[in-house]
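Next comes upload_10.csv, with CSV, C-alpha atoms (C1' of nucleotides).
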```csv
chain,number,residue,atom,x,y,z
R,1,MET,CA,-14.3,-30.5,9.6
R,2,THR,CA,-16.3,-27.4,8.9
R,3,ASP,CA,-19.8,-27.7,10.2
R,4,PRO,CA,-22.2,-25.9,7.9
R,5,ALA,CA,-24.9,-25.5,10.6
R,6,ALA,CA,-24.2,-22.0,11.9
R,7,THR,CA,-22.1,-22.4,15.1
R,8,PRO,CA,-23.2,-25.6,16.7
R,9,GLN,CA,-20.8,-27.0,19.4
R,10,LEU,CA,-17.3,-26.5,18.2
R,11,PRO,CA,-16.2,-23.2,19.9
R,12,PHE,CA,-14.3,-22.0,16.9
R,13,ALA,CA,-16.3,-21.4,13.8
R,14,GLY,CA,-14.2,-22.2,10.7
R,15,ALA,CA,-12.4,-19.3,9.1
R,16,ASP,CA,-14.6,-19.9,6.1
R,17,HIS,CA,-18.0,-20.2,7.7
R,18,ASP,CA,-21.0,-18.1,6.5
R,19,HIS,CA,-20.8,-15.3,8.9
R,20,GLY,CA,-23.9,-13.6,7.4
R,21,ARG,CA,-25.8,-16.4,9.0
R,22,CYS,CA,-24.2,-15.8,12.4
R,23,ILE,CA,-25.3,-12.2,12.2
R,24,ALA,CA,-28.8,-12.9,11.0
R,25,ALA,CA,-29.3,-15.6,13.6
R,26,ALA,CA,-28.1,-13.3,16.4
R,27,LEU,CA,-30.3,-10.4,15.3
R,28,ASP,CA,-33.3,-12.7,15.0
R,29,ALA,CA,-32.7,-14.3,18.4
R,30,ALA,CA,-32.3,-10.8,19.9
R,31,ALA,CA,-35.6,-9.6,18.4
R,32,ARG,CA,-37.5,-12.6,19.7
R,33,LEU,CA,-35.9,-12.5,23.1
R,34,CYS,CA,-36.6,-8.7,23.5
R,35,GLY,CA,-40.1,-9.2,22.3
R,36,ARG,CA,-40.7,-11.9,24.8
R,37,ARG,CA,-39.3,-9.7,27.6
R,38,GLY,CA,-40.9,-6.4,26.6
R,39,ALA,CA,-37.4,-4.9,26.1
R,40,ARG,CA,-37.1,-2.4,23.4
R,41,LEU,CA,-34.6,-3.4,20.7
R,42,THR,CA,-34.4,0.0,19.1
R,43,VAL,CA,-32.8,0.7,15.7
R,44,LEU,CA,-29.7,1.9,17.4
R,45,ARG,CA,-29.4,-1.0,19.7
R,46,ARG,CA,-30.0,-3.4,16.9
R,47,ARG,CA,-27.3,-1.7,14.9
R,48,VAL,CA,-24.8,-1.8,17.7
R,49,LEU,CA,-25.6,-5.5,18.2
R,50,GLU,CA,-25.0,-6.1,14.5
R,51,LEU,CA,-21.7,-4.3,14.7
R,52,VAL,CA,-20.6,-6.3,17.6
R,53,TRP,CA,-21.4,-9.4,15.6
R,54,ARG,CA,-19.6,-8.2,12.5
R,55,SER,CA,-16.7,-10.2,13.7
R,56,HIS,CA,-16.0,-13.0,16.1
R,57,ALA,CA,-13.2,-10.9,17.4
R,58,PRO,CA,-14.2,-8.6,20.3
R,59,THR,CA,-15.0,-5.1,19.2
R,60,GLY,CA,-14.2,-1.9,21.0
R,61,ALA,CA,-16.8,0.8,21.9
R,62,TYR,CA,-14.9,3.4,19.8
R,63,ALA,CA,-14.7,1.2,16.8
R,64,ILE,CA,-18.5,0.9,17.0
R,65,LEU,CA,-18.8,4.7,17.4
R,66,GLU,CA,-16.7,5.3,14.3
R,67,THR,CA,-19.0,3.0,12.2
R,68,LEU,CA,-22.1,4.8,13.5
R,69,HIS,CA,-20.5,8.0,12.3
R,70,ARG,CA,-19.9,6.4,8.9
R,71,ASP,CA,-23.5,5.4,9.0
R,72,GLY,CA,-24.3,9.1,9.1
R,73,ARG,CA,-25.6,9.0,12.7
R,74,ARG,CA,-24.6,11.6,15.2
R,75,ALA,CA,-23.3,9.8,18.1
R,76,ALA,CA,-21.0,10.3,21.1
R,77,PRO,CA,-19.5,7.8,23.5
R,78,PRO,CA,-22.6,7.7,25.8
R,79,THR,CA,-24.7,6.7,22.8
R,80,VAL,CA,-22.6,3.6,22.3
R,81,TYR,CA,-22.1,2.8,26.0
R,82,ARG,CA,-25.8,3.0,26.6
R,83,ALA,CA,-26.5,0.6,23.8
R,84,LEU,CA,-23.8,-1.7,25.0
R,85,ASP,CA,-25.2,-1.6,28.6
R,86,PHE,CA,-28.6,-2.5,27.3
R,87,LEU,CA,-27.2,-5.4,25.3
R,88,LEU,CA,-25.1,-6.6,28.3
R,89,GLY,CA,-28.2,-6.4,30.5
R,90,GLN,CA,-30.2,-8.6,28.1
R,91,GLY,CA,-27.3,-11.0,27.9
R,92,LEU,CA,-27.0,-10.4,24.2
R,93,ILE,CA,-23.3,-9.6,24.4
R,94,HIS,CA,-20.4,-10.2,26.7
R,95,ARG,CA,-17.6,-7.9,27.8
R,96,ILE,CA,-14.1,-9.2,27.4
R,97,GLU,CA,-12.3,-7.6,30.4
R,98,SER,CA,-8.8,-8.2,29.2
R,99,LEU,CA,-9.5,-6.4,25.9
R,100,ASN,CA,-11.9,-3.7,26.9
R,101,ALA,CA,-14.1,-5.0,24.1
R,102,PHE,CA,-17.4,-6.7,23.4
R,103,VAL,CA,-18.4,-9.9,21.7
R,104,GLY,CA,-21.8,-11.3,20.7
R,105,CYS,CA,-23.3,-14.0,22.9
R,106,ARG,CA,-24.0,-17.3,21.2
R,107,ASP,CA,-26.8,-18.3,23.5
R,108,PRO,CA,-28.6,-15.3,25.0
R,109,ASP,CA,-31.7,-17.3,26.0
R,110,THR,CA,-30.0,-19.2,28.8
R,111,PRO,CA,-28.2,-17.2,31.4
R,112,HIS,CA,-24.6,-18.3,31.8
R,113,ALA,CA,-21.2,-17.1,32.8
R,114,GLY,CA,-18.8,-16.3,30.0
R,115,GLN,CA,-15.8,-18.5,29.4
R,116,PHE,CA,-13.7,-17.5,26.5
R,117,LEU,CA,-10.9,-18.8,24.4
R,118,ILE,CA,-9.2,-15.8,22.8
R,119,CYS,CA,-6.7,-16.3,20.0
R,120,ASN,CA,-3.6,-14.1,20.1
R,121,GLY,CA,-3.2,-14.7,16.3
R,122,CYS,CA,-6.5,-13.7,14.8
R,123,GLY,CA,-8.2,-12.1,17.8
R,124,THR,CA,-11.2,-14.4,17.6
R,125,ALA,CA,-13.0,-15.1,20.9
R,126,ALA,CA,-14.8,-18.4,21.2
R,127,GLU,CA,-17.3,-18.8,24.0
R,128,LEU,CA,-17.4,-21.9,26.1
R,129,ASP,CA,-19.8,-23.1,28.7
R,130,ASP,CA,-17.9,-25.9,30.1
R,131,ARG,CA,-19.4,-27.6,33.1
R,132,ARG,CA,-16.0,-28.9,34.3
R,133,ILE,CA,-14.7,-25.3,34.5
R,134,GLY,CA,-17.9,-24.2,36.2
R,135,ALA,CA,-17.7,-27.0,38.7
R,136,ALA,CA,-14.1,-26.4,39.5
R,137,LEU,CA,-14.7,-22.7,40.0
R,138,SER,CA,-17.7,-23.3,42.2
R,139,GLU,CA,-15.9,-25.9,44.3
R,140,SER,CA,-12.9,-23.8,44.8
R,141,ALA,CA,-14.9,-20.7,45.7
R,142,SER,CA,-17.0,-22.7,48.1
R,143,ASP,CA,-13.8,-24.2,49.7
R,144,ALA,CA,-12.7,-20.7,50.4
R,145,GLY,CA,-16.0,-19.7,51.9
R,146,PHE,CA,-16.5,-17.4,49.0
R,147,ARG,CA,-20.0,-16.7,47.7
R,148,LEU,CA,-19.6,-16.6,44.0
R,149,GLU,CA,-21.6,-14.1,42.0
R,150,ARG,CA,-19.9,-13.7,38.7
R,151,GLN,CA,-17.0,-15.2,36.9
R,152,THR,CA,-14.5,-13.9,34.3
R,153,VAL,CA,-12.6,-16.6,32.5
R,154,GLU,CA,-10.5,-15.5,29.6
R,155,LEU,CA,-8.0,-17.9,28.2
R,156,ARG,CA,-5.4,-16.6,25.7
R,157,GLY,CA,-3.5,-18.7,23.3
R,158,LEU,CA,-3.7,-19.9,19.7
R,159,CYS,CA,-6.8,-21.2,17.9
R,160,PRO,CA,-6.5,-24.3,15.7
R,161,SER,CA,-6.1,-22.3,12.4
R,162,CYS,CA,-3.5,-20.0,13.8
R,163,GLN,CA,-1.5,-22.9,15.1
R,164,GLU,CA,-1.1,-24.1,11.5
R,165,GLU,CA,-0.8,-20.7,9.8
R,166,PRO,CA,0.5,-18.0,12.1
R,167,GLY,CA,-1.2,-14.6,11.6
R,168,ASP,CA,-4.5,-15.8,10.3
R,169,ALA,CA,-7.3,-13.5,9.1
R,170,ARG,CA,-7.1,-10.9,11.8
R,171,GLY,CA,-10.5,-9.6,12.8
R,172,GLY,CA,-12.0,-11.9,10.2
R,173,ALA,CA,-15.4,-13.4,10.5
H,174,MET,CA,-14.5,-33.2,49.1
H,175,THR,CA,-12.0,-30.5,50.2
H,176,ASP,CA,-8.5,-31.4,49.1
H,177,PRO,CA,-6.2,-29.6,51.5
H,178,ALA,CA,-3.2,-30.0,49.1
H,179,ALA,CA,-5.0,-28.2,46.3
H,180,THR,CA,-5.6,-25.0,48.3
H,181,PRO,CA,-2.8,-25.0,50.8
H,182,GLN,CA,-3.4,-21.8,52.7
H,183,LEU,CA,-6.7,-20.0,53.3
H,184,PRO,CA,-7.0,-17.6,50.5
H,185,PHE,CA,-8.5,-14.8,52.6
H,186,ALA,CA,-6.2,-13.4,55.2
H,187,GLY,CA,-8.3,-12.4,58.3
H,188,ALA,CA,-9.5,-8.8,58.5
H,189,ASP,CA,-7.3,-8.6,61.6
H,190,HIS,CA,-4.1,-10.1,60.4
H,191,ASP,CA,-0.8,-8.3,60.8
H,192,HIS,CA,-0.5,-6.7,57.4
H,193,GLY,CA,2.9,-5.3,58.1
H,194,ARG,CA,4.2,-8.8,58.0
H,195,CYS,CA,2.6,-9.4,54.6
H,196,ILE,CA,4.4,-6.3,53.3
H,197,ALA,CA,7.7,-7.1,54.9
H,198,ALA,CA,7.6,-10.7,53.7
H,199,ALA,CA,6.8,-9.6,50.1
H,200,LEU,CA,9.5,-7.0,50.0
H,201,ASP,CA,12.0,-9.5,51.4
H,202,ALA,CA,11.0,-12.2,48.9
H,203,ALA,CA,11.3,-9.7,46.1
H,204,ALA,CA,14.7,-8.6,47.1
H,205,ARG,CA,16.0,-12.2,47.3
H,206,LEU,CA,14.3,-13.1,44.0
H,207,CYS,CA,15.7,-10.1,42.2
H,208,GLY,CA,19.1,-10.7,43.6
H,209,ARG,CA,19.1,-14.3,42.5
H,210,ARG,CA,18.0,-13.3,39.0
H,211,GLY,CA,20.2,-10.3,38.6
H,212,ALA,CA,17.2,-8.0,38.2
H,213,ARG,CA,17.4,-4.5,39.6
H,214,LEU,CA,14.9,-3.8,42.3
H,215,THR,CA,15.5,-0.1,42.4
H,216,VAL,CA,14.2,2.2,45.1
H,217,LEU,CA,11.3,3.2,42.9
H,218,ARG,CA,10.4,-0.3,42.0
H,219,ARG,CA,10.6,-1.4,45.6
H,220,ARG,CA,8.4,1.5,46.6
H,221,VAL,CA,5.8,0.7,44.0
H,222,LEU,CA,5.8,-2.9,45.1
H,223,GLU,CA,5.3,-1.7,48.7
H,224,LEU,CA,2.4,0.5,47.6
H,225,VAL,CA,0.7,-2.4,45.7
H,226,TRP,CA,1.1,-4.4,48.9
H,227,ARG,CA,-0.4,-1.7,51.1
H,228,SER,CA,-3.7,-3.5,50.7
H,229,HIS,CA,-5.0,-6.8,49.7
H,230,ALA,CA,-7.4,-4.9,47.5
H,231,PRO,CA,-6.0,-4.3,44.0
H,232,THR,CA,-4.5,-0.8,43.5
H,233,GLY,CA,-4.8,1.4,40.5
H,234,ALA,CA,-1.8,2.9,38.7
H,235,TYR,CA,-3.0,6.4,39.4
H,236,ALA,CA,-3.4,5.8,43.1
H,237,ILE,CA,0.2,4.7,43.2
H,238,LEU,CA,1.2,7.8,41.2
H,239,GLU,CA,-0.5,10.0,43.8
H,240,THR,CA,1.3,8.4,46.6
H,241,LEU,CA,4.6,8.9,44.9
H,242,HIS,CA,3.8,12.6,44.6
H,243,ARG,CA,3.0,12.7,48.3
H,244,ASP,CA,6.4,11.0,48.8
H,245,GLY,CA,7.8,14.1,47.2
H,246,ARG,CA,8.9,12.3,44.0
H,247,ARG,CA,8.3,13.8,40.7
H,248,ALA,CA,6.6,11.2,38.7
H,249,ALA,CA,4.3,10.9,35.7
H,250,PRO,CA,2.2,7.9,34.5
H,251,PRO,CA,5.1,6.3,32.6
H,252,THR,CA,7.1,6.2,35.8
H,253,VAL,CA,4.5,4.1,37.4
H,254,TYR,CA,3.7,1.9,34.4
H,255,ARG,CA,7.3,1.1,33.9
H,256,ALA,CA,7.7,0.0,37.5
H,257,LEU,CA,4.5,-2.1,37.2
H,258,ASP,CA,5.7,-3.7,34.0
H,259,PHE,CA,9.0,-4.6,35.7
H,260,LEU,CA,7.1,-6.1,38.7
H,261,LEU,CA,4.7,-8.0,36.4
H,262,GLY,CA,7.6,-9.3,34.4
H,263,GLN,CA,9.3,-10.6,37.6
H,264,GLY,CA,6.0,-12.1,38.7
H,265,LEU,CA,5.9,-10.0,41.8
H,266,ILE,CA,2.5,-8.6,41.1
H,267,HIS,CA,-0.6,-9.6,39.0
H,268,ARG,CA,-2.8,-7.4,37.0
H,269,ILE,CA,-6.6,-7.7,37.7
H,270,GLU,CA,-8.1,-7.2,34.3
H,271,SER,CA,-11.6,-6.5,35.4
H,272,LEU,CA,-10.5,-3.7,37.7
H,273,ASN,CA,-7.5,-2.3,35.8
H,274,ALA,CA,-5.6,-2.7,38.9
H,275,PHE,CA,-2.7,-4.5,40.4
H,276,VAL,CA,-2.2,-6.8,43.4
H,277,GLY,CA,0.9,-8.4,45.0
H,278,CYS,CA,1.7,-12.0,44.2
H,279,ARG,CA,1.7,-14.3,47.2
H,280,ASP,CA,4.2,-16.7,45.6
H,281,PRO,CA,6.5,-15.0,43.1
H,282,ASP,CA,9.1,-17.8,43.2
H,283,THR,CA,7.0,-20.4,41.4
H,284,PRO,CA,5.5,-19.2,38.1
H,285,HIS,CA,1.8,-19.7,38.0
H,286,ALA,CA,-1.3,-18.3,36.4
H,287,GLY,CA,-3.4,-16.1,38.6
H,288,GLN,CA,-6.8,-17.2,39.8
H,289,PHE,CA,-8.5,-14.6,42.0
H,290,LEU,CA,-11.5,-14.3,44.3
H,291,ILE,CA,-12.4,-10.7,44.4
H,292,CYS,CA,-14.8,-9.5,47.1
H,293,ASN,CA,-17.5,-7.0,46.0
H,294,GLY,CA,-17.8,-5.9,49.6
H,295,CYS,CA,-14.3,-5.0,50.7
H,296,GLY,CA,-12.5,-5.2,47.4
H,297,THR,CA,-10.0,-7.8,48.7
H,298,ALA,CA,-8.5,-10.1,46.0
H,299,ALA,CA,-7.4,-13.5,47.2
H,300,GLU,CA,-5.1,-15.5,45.0
H,301,LEU,CA,-5.7,-19.1,44.3
H,302,ASP,CA,-3.7,-21.7,42.5
H,303,ASP,CA,-6.2,-24.5,42.4
H,304,ARG,CA,-5.2,-27.5,40.4
H,305,ARG,CA,-8.8,-28.4,39.7
H,306,ILE,CA,-9.4,-25.1,38.0
H,307,GLY,CA,-6.1,-25.4,36.1
H,308,ALA,CA,-6.9,-28.9,35.0
H,309,ALA,CA,-10.5,-28.0,33.9
H,310,LEU,CA,-9.2,-25.1,31.9
H,311,SER,CA,-6.4,-27.1,30.3
H,312,GLU,CA,-8.8,-29.9,29.3
H,313,SER,CA,-11.4,-27.6,28.0
H,314,ALA,CA,-8.9,-25.7,25.9
H,315,SER,CA,-7.3,-28.9,24.6
H,316,ASP,CA,-10.7,-30.3,23.6
H,317,ALA,CA,-11.2,-27.2,21.5
H,318,GLY,CA,-7.8,-27.6,19.9
H,319,PHE,CA,-6.7,-24.4,21.5
H,320,ARG,CA,-3.1,-23.9,22.6
H,321,LEU,CA,-3.3,-22.3,26.0
H,322,GLU,CA,-0.8,-19.6,26.8
H,323,ARG,CA,-2.2,-17.5,29.6
H,324,GLN,CA,-5.3,-17.6,31.7
H,325,THR,CA,-7.3,-14.8,33.4
H,326,VAL,CA,-9.7,-16.1,36.1
H,327,GLU,CA,-11.4,-13.5,38.2
H,328,LEU,CA,-14.3,-14.6,40.4
H,329,ARG,CA,-16.5,-11.9,41.9
H,330,GLY,CA,-18.6,-12.4,44.9
H,331,LEU,CA,-18.5,-12.0,48.7
H,332,CYS,CA,-15.7,-13.0,51.0
H,333,PRO,CA,-16.4,-14.8,54.3
H,334,SER,CA,-16.3,-11.6,56.4
H,335,CYS,CA,-18.5,-9.6,54.0
H,336,GLN,CA,-21.1,-12.3,54.0
H,337,GLU,CA,-21.6,-11.7,57.7
H,338,GLU,CA,-21.1,-8.0,57.9
H,339,PRO,CA,-21.9,-6.3,54.6
H,340,GLY,CA,-19.6,-3.4,53.7
H,341,ASP,CA,-16.6,-4.6,55.6
H,342,ALA,CA,-13.4,-2.5,55.8
H,343,ARG,CA,-13.1,-1.4,52.2
H,344,GLY,CA,-9.6,-1.2,50.9
H,345,GLY,CA,-8.5,-2.6,54.2
H,346,ALA,CA,-5.4,-4.7,54.7
C,347,DT,C1',37.2,6.3,35.3
C,348,DG,C1',35.0,6.1,30.9
C,349,DT,C1',31.2,4.0,28.6
C,350,DG,C1',27.1,1.8,27.1
C,351,DA,C1',22.8,0.1,28.6
C,352,DA,C1',19.2,0.5,31.7
C,353,DA,C1',16.4,3.4,34.4
C,354,DC,C1',14.1,7.4,35.0
C,355,DG,C1',12.0,12.3,33.9
C,356,DT,C1',9.2,14.9,31.0
C,357,DT,C1',5.8,16.3,27.5
C,358,DA,C1',2.3,15.1,24.9
C,359,DT,C1',-1.3,12.3,23.4
C,360,DA,C1',-4.1,8.0,22.8
C,361,DT,C1',-7.8,5.1,24.5
C,362,DT,C1',-11.6,3.9,27.3
C,363,DA,C1',-15.5,5.4,30.1
C,364,DT,C1',-18.7,8.4,32.7
C,365,DT,C1',-21.4,12.6,34.5
C,366,DA,C1',-24.7,15.9,33.8
C,367,DC,C1',-28.3,17.8,31.5
C,368,DG,C1',-31.4,19.0,27.6
C,369,DT,C1',-34.3,17.1,23.7
C,370,DT,C1',-36.9,13.6,21.3
C,371,DT,C1',-39.5,9.6,21.0
C,372,DT,C1',-42.7,6.2,22.7
C,373,DG,C1',-46.2,3.7,25.1
C,374,DC,C1',-50.4,4.4,27.0
C,375,DA,C1',-54.2,6.5,30.0
C,376,DG,C1',-57.8,9.5,29.6
O,377,DC,C1',-56.4,11.6,19.4
O,378,DT,C1',-54.3,14.3,22.9
O,379,DG,C1',-51.2,14.9,26.4
O,380,DC,C1',-48.3,13.0,29.9
O,381,DA,C1',-44.6,10.4,32.1
O,382,DA,C1',-40.8,7.5,31.2
O,383,DA,C1',-37.4,5.9,28.4
O,384,DA,C1',-34.2,6.7,24.8
O,385,DC,C1',-31.2,9.6,22.7
O,386,DG,C1',-28.1,13.9,21.7
O,387,DT,C1',-24.6,16.8,23.4
O,388,DA,C1',-20.7,18.8,26.0
O,389,DA,C1',-17.5,18.2,29.1
O,390,DT,C1',-14.5,15.6,31.7
O,391,DA,C1',-12.6,11.5,34.2
O,392,DA,C1',-9.7,7.5,34.3
O,393,DT,C1',-6.5,4.5,32.2
O,394,DA,C1',-2.4,3.9,29.3
O,395,DT,C1',1.3,4.7,25.8
O,396,DA,C1',4.7,7.1,22.6
O,397,DA,C1',8.7,9.6,22.0
O,398,DC,C1',12.7,11.6,23.4
O,399,DG,C1',16.1,13.6,26.7
O,400,DT,C1',18.8,13.0,31.1
O,401,DT,C1',20.6,10.5,34.9
O,402,DT,C1',22.4,6.4,37.1
O,403,DC,C1',24.9,2.3,37.4
O,404,DA,C1',27.5,-1.9,36.6
O,405,DC,C1',31.6,-3.2,34.9
O,406,DA,C1',35.3,-3.2,31.7
```

Written as structure tokens, how would this file's structure read?
Amino acid sequence: MTDPAATPQLPFAGADHDHGRCIAAALDAAARLCGRRGARLTVLRRRVLELVWRSHAPTGAYAILETLHRDGRRAAPPTVYRALDFLLGQGLIHRIESLNAFVGCRDPDTPHAGQFLICNGCGTAAELDDRRIGAALSESASDAGFRLERQTVELRGLCPSCQEEPGDARGGA
Amino acid sequence: MTDPAATPQLPFAGADHDHGRCIAAALDAAARLCGRRGARLTVLRRRVLELVWRSHAPTGAYAILETLHRDGRRAAPPTVYRALDFLLGQGLIHRIESLNAFVGCRDPDTPHAGQFLICNGCGTAAELDDRRIGAALSESASDAGFRLERQTVELRGLCPSCQEEPGDARGGA
DNA sequence: TGTGAAACGTTATATTATTACGTTTTGCAG
DNA sequence: CTGCAAAACGTAATAATATAACGTTTCACA
């Protein structure tokens, strides 16, 4: 049941998938996208994106900051937040509100609202783009006379692996 | 295509509604509910609940803290967070993750997941409990093999009043 | 009315995020 | 290829949100 082709449709990548490919694909997509848009994917921004992608579990700004320090770079919080703001603006990452953390976007080319399944066991966040959810939200908002601009949908629970084996690879790829 | 049973009351109270009644009703419901459960709605907890209910816009913990100080009470952050934790535990309030703030629950008697429409104009948060949304989320989670435990649904946009008159009574009742 | 648990006060600190301003880098017009 | 303006980045300080740890008070009830 493990699909070898990167992260195709199943929201949860297998615990054993080749995460190097995820990272490489994300960085490649980012470079192409920024090139096309005339946005500057600087060394710092690229590195921050890479760090966000290190894991499928959302990463906090200060964890990124620490790694930059270990890289030997002098950096303070604004360094990180500015890079994160850029990446958010380009749709390359999403912010997980309930965790104050950030996760790579699987499909930065097409704008979309984030819908996430977040595992309480291993911390992995899987991104959805479910039309049923989108439709239900739109209808409900419209019924209330509400003009919808952005949605935050963060579902907590247990991913398939963690249902079998509680306490799976935390923070794992 | 509007199902009246799915969204029983209009989620947005009018800008002119009698908010004193909202507060009184909420405090009354809380007292009855805590009585029934043997939970202690202390003076402090009741006051914090009242402060959360002062507005339909979510209230931050430190705003509550300030008001407690103006009340003449000596209080520090833990005072407030403990009271908020109690109220959350009893289902009397909800936490709005995207705002780090808290809002009163309209229907504390029946356990439910929070779904919120949050106005970018006036800050008001209207609580929904829309079966279509619930169903879509359950189905989508189940399709992914995910065992759903909690949901965070926070929709941002403009409420009916703020669509007409941008920059409505901010923080208003 | 004593007693144990719950609630609360207090101090300190952790975590997340932003403001303000100076310096460096970069694209690009001349 | 120079120099300029804008963008990116460094730096210091601080704001905003949240929790840990421990002592004291309050309260239900035996």

Residues at most 9 Å from stretch 204-217 of chain H, counting all atoms listed in the file, excluding those fewer than 4 positions away in the same chain, as a ChimeraX atom specification? /H:199-200,221-222,252-253,256,259-260,263,281-282 /C:353

State the Cα RMSD (Å, one decimal) obtained when chain R is least-squares superposed onto chain H, all Cα atoms paired in order. 3.4 Å

Identify every residue of chain R that has at least one atom within 8 Å of any atom of chain O, counting all atoms listed in the file, and report the result as an mmCIF file with C-alpha atoms, keeping the file's coordinate frame.
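Output below, filename out_21.cif:
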```
data_model
loop_
_atom_site.group_PDB
_atom_site.id
_atom_site.type_symbol
_atom_site.label_atom_id
_atom_site.label_comp_id
_atom_site.auth_asym_id
_atom_site.auth_seq_id
_atom_site.Cartn_x
_atom_site.Cartn_y
_atom_site.Cartn_z
ATOM 1 C CA ARG R 74 -24.600 11.600 15.200
ATOM 2 C CA ALA R 75 -23.300 9.800 18.100
ATOM 3 C CA ALA R 76 -21.000 10.300 21.100
ATOM 4 C CA THR R 79 -24.700 6.700 22.800
#
```

Enumerate, in order of chain and increasing residue number, the residues of chain C with an atom no farther than 9 Å from chain H, each with its shortest atom pair and distance in Å to one decimal, counting all atoms listed in the file, as CSV.
```
residue,atom,partner,partner_atom,distance
C:DA353,C1',H:Thr215,CA,8.8
C:DC354,C1',H:Thr252,CA,7.1
C:DG355,C1',H:Ala248,CA,7.3
C:DT356,C1',H:Ala249,CA,7.9
```

Selection above as a file: C-alpha atoms (C1' of nucleotides), as a compact mmCIF listing (two decimals), in the frame of the given file:
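This is the output file part21.txt:
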```
# COMPACT_ATOMS: atom_id res chain seq x y z
C1' DA C 353 16.40 3.40 34.40
C1' DC C 354 14.10 7.40 35.00
C1' DG C 355 12.00 12.30 33.90
C1' DT C 356 9.20 14.90 31.00
```

Do me a favour and pick out the residues of chain H within 7 Å of chain R, using only C-alpha atoms, as a tab-separated table (two decimals) with C-alpha atoms, in the frame of the given file.
```tsv
chain	number	residue	atom	x	y	z
H	175	THR	CA	-12.00	-30.50	50.20
H	183	LEU	CA	-6.70	-20.00	53.30
H	184	PRO	CA	-7.00	-17.60	50.50
H	270	GLU	CA	-8.10	-7.20	34.30
H	271	SER	CA	-11.60	-6.50	35.40
H	305	ARG	CA	-8.80	-28.40	39.70
H	306	ILE	CA	-9.40	-25.10	38.00
H	309	ALA	CA	-10.50	-28.00	33.90
H	310	LEU	CA	-9.20	-25.10	31.90
H	317	ALA	CA	-11.20	-27.20	21.50
H	318	GLY	CA	-7.80	-27.60	19.90
H	319	PHE	CA	-6.70	-24.40	21.50
H	320	ARG	CA	-3.10	-23.90	22.60
H	321	LEU	CA	-3.30	-22.30	26.00
H	322	GLU	CA	-0.80	-19.60	26.80
H	323	ARG	CA	-2.20	-17.50	29.60
H	324	GLN	CA	-5.30	-17.60	31.70
H	325	THR	CA	-7.30	-14.80	33.40
H	326	VAL	CA	-9.70	-16.10	36.10
H	327	GLU	CA	-11.40	-13.50	38.20
H	328	LEU	CA	-14.30	-14.60	40.40
H	329	ARG	CA	-16.50	-11.90	41.90
H	330	GLY	CA	-18.60	-12.40	44.90
H	331	LEU	CA	-18.50	-12.00	48.70
H	332	CYS	CA	-15.70	-13.00	51.00
H	333	PRO	CA	-16.40	-14.80	54.30
```

Report the distance between atom CA of H:Gly296 and atom CA of R:Ile93 in Å, rounded to one decimal place. 25.8 Å

Could you please give me, as an NGL selection string, the residues of protein, DNA or RNA lying at most 9 Å from (-25.6, -7.2, 15.8) in the coordinate frame of the file, considering only C-alpha atoms (C1' of nucleotides)? :R and (23-24 or 26-27 or 30 or 45-54 or 104)

Limited to C-alpha atoms, could you put the picked residues into a file as a PDB file, in the frame of the given file?
```pdb
ATOM      1  CA  ILE R  23     -25.300 -12.200  12.200  1.00  0.00           C
ATOM      2  CA  ALA R  24     -28.800 -12.900  11.000  1.00  0.00           C
ATOM      3  CA  ALA R  26     -28.100 -13.300  16.400  1.00  0.00           C
ATOM      4  CA  LEU R  27     -30.300 -10.400  15.300  1.00  0.00           C
ATOM      5  CA  ALA R  30     -32.300 -10.800  19.900  1.00  0.00           C
ATOM      6  CA  ARG R  45     -29.400  -1.000  19.700  1.00  0.00           C
ATOM      7  CA  ARG R  46     -30.000  -3.400  16.900  1.00  0.00           C
ATOM      8  CA  ARG R  47     -27.300  -1.700  14.900  1.00  0.00           C
ATOM      9  CA  VAL R  48     -24.800  -1.800  17.700  1.00  0.00           C
ATOM     10  CA  LEU R  49     -25.600  -5.500  18.200  1.00  0.00           C
ATOM     11  CA  GLU R  50     -25.000  -6.100  14.500  1.00  0.00           C
ATOM     12  CA  LEU R  51     -21.700  -4.300  14.700  1.00  0.00           C
ATOM     13  CA  VAL R  52     -20.600  -6.300  17.600  1.00  0.00           C
ATOM     14  CA  TRP R  53     -21.400  -9.400  15.600  1.00  0.00           C
ATOM     15  CA  ARG R  54     -19.600  -8.200  12.500  1.00  0.00           C
ATOM     16  CA  GLY R 104     -21.800 -11.300  20.700  1.00  0.00           C
TER      17      GLY R 104
END
```

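Atom C1' of C:DT362 sits 8.2 Å away from atom CA of R:Tyr62.
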
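In this structure, atom CA of R:Pro77 sits 25.6 Å away from atom CA of R:Arg106.
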